[in-house]
Amino acid sequence: MDRRPHLTRIDRYIFGQLLIALVLVTVGLVALIWLTQSLRFIQIIVNHGLSPVVFIKLTSLLVPSFVATILPITCFIVVLFIYTRLNSDREITAMRASGLSDLALARPALALALAATLAGYALTLVLVPASLGSFRSYQYEIRNQIAAFLLEPGVFTPVADHITVYVQSRGANDSLGGILIEDGRDPAAPATILATSGQLLLSPQGPVVVLENGSREQIDSKTGRLDVLTFQRNVLSLAQPAKAAMPDMVDSAEAGLAALMHPPASLSPGEQGKWLVEAQRRLTAPLSTLSFTLIGLLAVLRGVFRRNGGLLRPVGAVVAVTLLVALSLGVGNLAARNTVLLPLIWAMVLVPGLAAGAMLFVRRAPQ
């Protein structure tokens, strides 16, 4: 009579451990990846006064892509670890003695994997493309604001397309001394600007430099003569033109699924193949969570528990999943070159999981 409530408590017990471990491992790995990817921005904050709010907003837009990438792996790791611990503590043995089948024991892990798969689809189909698009837009938005403030004395610094700035010295409040600017934004009339001093300012249209006591040297395209214009004060914008600030072509990582399935005709065949592969990857990547989970369950639930040999199957599962991840990358590269191989992307995700599930849940004859 009490079997049904007992099973429900066991489900909650295992699922609770799995869920807590999945959240902790995923958050920890995402934080580690976020930290390593964000190190290049720390120097900008310390040395050039970039607002921490801007830094956090910019780097946080990459977090959904991190989660989508590692979620299948973390789910596999958590299932393998929790069930191995339960096996080592003989809890799995006790549960089997109470009449639970492998399917009943695997049910909490499968429920967690299904929830992670649904979350993966929400990430890959909606959140990741939107966040990467916002990341690129925000990156170009602040590019004009911070690029000019990265000027280092004695270094030729490209601050925008076709604009290179050299400063001999840089003082407090962004005052500059010994300024040389190569302005090639107009290909027909490139100019060299020299100034003894200047001030770097931030305007709503982007960074500008106020030049004092200088000259503008330019070759007349008609006569070939050097024209020199001296000035006491001149204001030069260092911002990129609006058309150059944002590329017109959308990257495949930012495109929607419908656009990926029908790549623009202007793309080369190789690029169109990459778009098609990206579409299949978004559809199959979340399913790898179920496949990896089934492989982990097969490693810990199949066979008899051995005190001195319990790590062999989990290590084999780790090797198998590592090989699958590597092979998936290789198959994706091949499919981008030859779209006939696109079904292999699905096979790499579905076949291992189906095989592991059949081996785990097929009824074995008593020995």
# chains A, B, ... in the order shown; residues from 1 in each chain; ligands from 1
call {"tool": "select_by_dssp", "arguments": {"residues": "segment 36-285 of chain A", "states": "strand (DSSP E)", "output": "VMD selection string"}}
result
chain A and resid 157 to 160 163 to 170 175 to 183 191 to 203 206 to 219 226 to 237
call {"tool": "residues_around", "arguments": {"residues": "segment 332-336 of chain A", "least_positions_apart": "3", "cutoff": "7 Å", "atoms": "only C-alpha atoms", "output": "PyMOL selection string"}}
result
chain A and resi 270+273-274+277+328-329+339-342+345
call {"tool": "write_last_selection", "arguments": {"atoms": "N, CA, C and O atoms", "output": "tab-separated table (two decimals), in the first residue's frame"}}
result
chain	number	residue	atom	x	y	z
A	270	GLY	N	30.17	28.31	-49.03
A	270	GLY	CA	30.75	27.91	-47.76
A	270	GLY	C	30.05	28.56	-46.59
A	270	GLY	O	29.78	27.91	-45.56
A	273	GLY	N	26.65	27.04	-46.04
A	273	GLY	CA	26.78	25.78	-45.32
A	273	GLY	C	26.93	26.00	-43.83
A	273	GLY	O	26.35	25.25	-43.02
A	274	LYS	N	27.68	27.02	-43.43
A	274	LYS	CA	27.84	27.32	-42.00
A	274	LYS	C	26.51	27.73	-41.38
A	274	LYS	O	26.22	27.37	-40.23
A	277	VAL	N	24.47	24.55	-40.91
A	277	VAL	CA	25.00	23.79	-39.79
A	277	VAL	C	24.60	24.42	-38.46
A	277	VAL	O	24.24	23.73	-37.50
A	328	SER	N	31.41	15.66	-32.80
A	328	SER	CA	30.35	16.56	-33.23
A	328	SER	C	30.92	17.82	-33.87
A	328	SER	O	30.39	18.31	-34.87
A	329	LEU	N	32.00	18.32	-33.30
A	329	LEU	CA	32.65	19.49	-33.90
A	329	LEU	C	33.20	19.16	-35.28
A	329	LEU	O	33.06	19.94	-36.23
A	339	THR	N	26.80	19.93	-47.49
A	339	THR	CA	25.54	19.90	-46.76
A	339	THR	C	24.82	18.55	-46.84
A	339	THR	O	23.86	18.32	-46.10
A	340	VAL	N	25.29	17.65	-47.71
A	340	VAL	CA	24.71	16.30	-47.75
A	340	VAL	C	24.93	15.59	-46.42
A	340	VAL	O	24.16	14.69	-46.04
A	341	LEU	N	25.96	16.00	-45.68
A	341	LEU	CA	26.29	15.35	-44.42
A	341	LEU	C	25.53	15.93	-43.23
A	341	LEU	O	25.79	15.53	-42.09
A	342	LEU	N	24.58	16.83	-43.45
A	342	LEU	CA	23.83	17.43	-42.34
A	342	LEU	C	23.12	16.39	-41.48
A	342	LEU	O	23.05	16.56	-40.24
A	345	ILE	N	24.75	15.21	-38.21
A	345	ILE	CA	24.67	16.00	-36.98
A	345	ILE	C	23.59	15.44	-36.07
A	345	ILE	O	23.78	15.31	-34.84
call {"tool": "residues_around", "arguments": {"residues": "Leu151 of chain A", "least_positions_apart": "6", "cutoff": "9 Å", "atoms": "only C-alpha atoms", "output": "number ranges by chain"}}
result
A: 157-159, 165-167, 170
call {"tool": "closest_residue", "arguments": {"among": "A:Ile70, A:Arg85, A:Leu323, A:Leu112", "to": "Ile20 of chain A", "atoms": "only C-alpha atoms"}}
result
A:Leu112
call {"tool": "select_by_dssp", "arguments": {"residues": "segment 10-235 of chain A", "states": "helix (DSSP H, G or I)", "output": "PyMOL selection string"}}
result
chain A and resi 10-48+52-60+63-88+91-97+102-150+172-174
call {"tool": "write_last_selection", "arguments": {"atoms": "C-alpha atoms", "output": "CSV table (one decimal), in the first residue's frame"}}
result
chain,number,residue,atom,x,y,z
A,10,ILE,CA,12.8,8.7,-3.4
A,11,ASP,CA,12.1,10.6,-6.6
A,12,ARG,CA,12.1,13.9,-4.7
A,13,TYR,CA,15.2,12.9,-2.8
A,14,ILE,CA,17.3,12.1,-5.9
A,15,PHE,CA,15.9,14.9,-8.0
A,16,GLY,CA,16.6,17.5,-5.2
A,17,GLN,CA,20.2,16.4,-5.1
A,18,LEU,CA,20.5,16.5,-8.8
A,19,LEU,CA,18.9,19.9,-9.2
A,20,ILE,CA,21.0,21.6,-6.4
A,21,ALA,CA,24.2,20.1,-7.9
A,22,LEU,CA,23.2,21.2,-11.4
A,23,VAL,CA,22.6,24.8,-10.4
A,24,LEU,CA,25.8,25.0,-8.4
A,25,VAL,CA,28.0,23.4,-11.0
A,26,THR,CA,26.5,25.4,-13.9
A,27,VAL,CA,26.8,28.7,-12.0
A,28,GLY,CA,30.3,27.9,-11.0
A,29,LEU,CA,31.5,27.0,-14.5
A,30,VAL,CA,29.6,30.0,-16.0
A,31,ALA,CA,31.3,32.3,-13.5
A,32,LEU,CA,34.7,30.8,-14.3
A,33,ILE,CA,34.1,31.2,-18.1
A,34,TRP,CA,32.8,34.7,-17.6
A,35,LEU,CA,35.8,35.7,-15.5
A,36,THR,CA,38.3,34.4,-18.1
A,37,GLN,CA,36.4,36.1,-20.9
A,38,SER,CA,36.2,39.3,-19.0
A,39,LEU,CA,39.8,39.7,-18.0
A,40,ARG,CA,40.6,41.7,-21.1
A,41,PHE,CA,38.2,44.4,-19.9
A,42,ILE,CA,39.6,44.8,-16.4
A,43,GLN,CA,42.6,46.9,-17.6
A,44,ILE,CA,40.2,49.3,-19.4
A,45,ILE,CA,38.2,49.8,-16.1
A,46,VAL,CA,41.3,50.3,-14.0
A,47,ASN,CA,43.3,52.5,-16.4
A,48,HIS,CA,40.8,54.3,-18.5
A,52,PRO,CA,31.7,49.1,-14.0
A,53,VAL,CA,28.0,49.2,-15.0
A,54,VAL,CA,29.1,49.2,-18.7
A,55,PHE,CA,31.5,46.4,-18.1
A,56,ILE,CA,28.9,44.2,-16.3
A,57,LYS,CA,26.2,44.9,-18.9
A,58,LEU,CA,28.5,44.1,-21.8
A,59,THR,CA,29.9,40.9,-20.4
A,60,SER,CA,26.6,39.7,-19.0
A,63,VAL,CA,26.2,34.6,-20.2
A,64,PRO,CA,23.3,32.9,-22.1
A,65,SER,CA,25.7,31.5,-24.7
A,66,PHE,CA,27.9,30.2,-21.9
A,67,VAL,CA,25.0,28.4,-20.2
A,68,ALA,CA,23.7,27.0,-23.5
A,69,THR,CA,27.1,25.6,-24.3
A,70,ILE,CA,27.9,23.9,-21.0
A,71,LEU,CA,24.4,22.8,-19.9
A,72,PRO,CA,24.6,19.3,-21.5
A,73,ILE,CA,28.0,18.8,-20.0
A,74,THR,CA,27.1,19.9,-16.5
A,75,CYS,CA,23.9,17.8,-16.6
A,76,PHE,CA,26.0,14.7,-17.5
A,77,ILE,CA,28.6,15.5,-14.8
A,78,VAL,CA,25.9,16.0,-12.1
A,79,VAL,CA,24.1,12.8,-13.0
A,80,LEU,CA,27.3,10.8,-13.1
A,81,PHE,CA,28.5,12.2,-9.8
A,82,ILE,CA,25.3,11.9,-7.8
A,83,TYR,CA,24.4,8.4,-8.9
A,84,THR,CA,28.0,7.3,-8.4
A,85,ARG,CA,27.9,8.6,-4.9
A,86,LEU,CA,24.5,6.9,-4.3
A,87,ASN,CA,26.0,3.7,-5.6
A,88,SER,CA,29.1,4.0,-3.4
A,91,GLU,CA,21.8,3.6,-1.5
A,92,ILE,CA,21.2,2.3,-5.1
A,93,THR,CA,21.5,-1.3,-3.7
A,94,ALA,CA,18.9,-0.6,-1.0
A,95,MET,CA,16.6,1.0,-3.6
A,96,ARG,CA,16.9,-2.0,-5.8
A,97,ALA,CA,16.2,-4.3,-2.9
A,102,ASP,CA,16.5,0.8,-13.5
A,103,LEU,CA,13.8,2.9,-15.1
A,104,ALA,CA,12.4,4.0,-11.7
A,105,LEU,CA,15.9,4.8,-10.5
A,106,ALA,CA,16.7,6.8,-13.7
A,107,ARG,CA,13.4,8.7,-13.6
A,108,PRO,CA,14.7,11.7,-11.5
A,109,ALA,CA,17.7,12.1,-13.8
A,110,LEU,CA,15.5,11.8,-16.9
A,111,ALA,CA,13.2,14.5,-15.5
A,112,LEU,CA,16.1,16.8,-14.9
A,113,ALA,CA,17.5,16.1,-18.3
A,114,LEU,CA,14.1,16.9,-19.9
A,115,ALA,CA,13.9,20.2,-18.0
A,116,ALA,CA,17.4,21.1,-19.0
A,117,THR,CA,16.6,20.2,-22.7
A,118,LEU,CA,13.6,22.5,-22.7
A,119,ALA,CA,15.8,25.2,-21.1
A,120,GLY,CA,18.4,24.6,-23.8
A,121,TYR,CA,15.9,25.1,-26.5
A,122,ALA,CA,14.8,28.4,-24.9
A,123,LEU,CA,18.4,29.5,-24.8
A,124,THR,CA,19.5,28.4,-28.3
A,125,LEU,CA,16.4,29.4,-30.2
A,126,VAL,CA,15.6,32.7,-28.4
A,127,LEU,CA,17.9,34.0,-25.7
A,128,VAL,CA,21.3,33.4,-27.2
A,129,PRO,CA,20.7,35.0,-30.6
A,130,ALA,CA,19.0,38.0,-29.0
A,131,SER,CA,21.8,38.4,-26.4
A,132,LEU,CA,24.6,38.1,-29.0
A,133,GLY,CA,22.8,40.6,-31.2
A,134,SER,CA,22.5,43.0,-28.2
A,135,PHE,CA,26.2,42.4,-27.3
A,136,ARG,CA,27.4,43.4,-30.8
A,137,SER,CA,25.1,46.5,-30.9
A,138,TYR,CA,26.3,47.5,-27.4
A,139,GLN,CA,29.9,46.8,-28.3
A,140,TYR,CA,29.7,49.1,-31.3
A,141,GLU,CA,27.8,51.7,-29.3
A,142,ILE,CA,30.6,52.0,-26.7
A,143,ARG,CA,33.4,51.4,-29.1
A,144,ASN,CA,33.5,55.1,-30.1
A,145,GLN,CA,33.3,56.1,-26.5
A,146,ILE,CA,36.3,54.1,-25.2
A,147,ALA,CA,38.5,53.6,-28.2
A,148,ALA,CA,39.9,57.1,-28.1
A,149,PHE,CA,40.5,56.9,-24.3
A,150,LEU,CA,42.9,53.9,-24.8
A,172,ALA,CA,45.7,64.6,-16.1
A,173,ASN,CA,42.1,65.2,-17.2
A,174,ASP,CA,43.0,63.6,-20.6
call {"tool": "atom_distance", "arguments": {"atom1": "atom CA of Ser266 of chain A", "atom2": "atom CA of Glu254 of chain A"}}
result
17.2 Å
call {"tool": "residues_around", "arguments": {"residues": "Ala279 of chain A", "least_positions_apart": "2", "cutoff": "7 Å", "atoms": "only C-alpha atoms", "output": "VMD selection string"}}
result
chain A and resid 257 260 to 261 275 to 277 281 to 283
call {"tool": "write_last_selection", "arguments": {"atoms": "C-alpha atoms", "output": "CSV table (one decimal), in the first residue's frame"}}
result
chain,number,residue,atom,x,y,z
A,257,LEU,CA,16.2,29.9,-36.9
A,260,LEU,CA,19.4,30.1,-40.8
A,261,MET,CA,17.3,27.5,-42.6
A,275,TRP,CA,24.4,28.9,-41.6
A,276,LEU,CA,22.7,25.5,-42.3
A,277,VAL,CA,25.0,23.8,-39.8
A,281,ARG,CA,23.2,22.7,-34.2
A,282,ARG,CA,20.5,24.8,-32.5
A,283,LEU,CA,17.9,22.0,-33.0
call {"tool": "residues_around", "arguments": {"residues": "Leu229 of chain A", "least_positions_apart": "3", "cutoff": "7 Å", "atoms": "only C-alpha atoms", "output": "PyMOL selection string"}}
result
chain A and resi 215-217
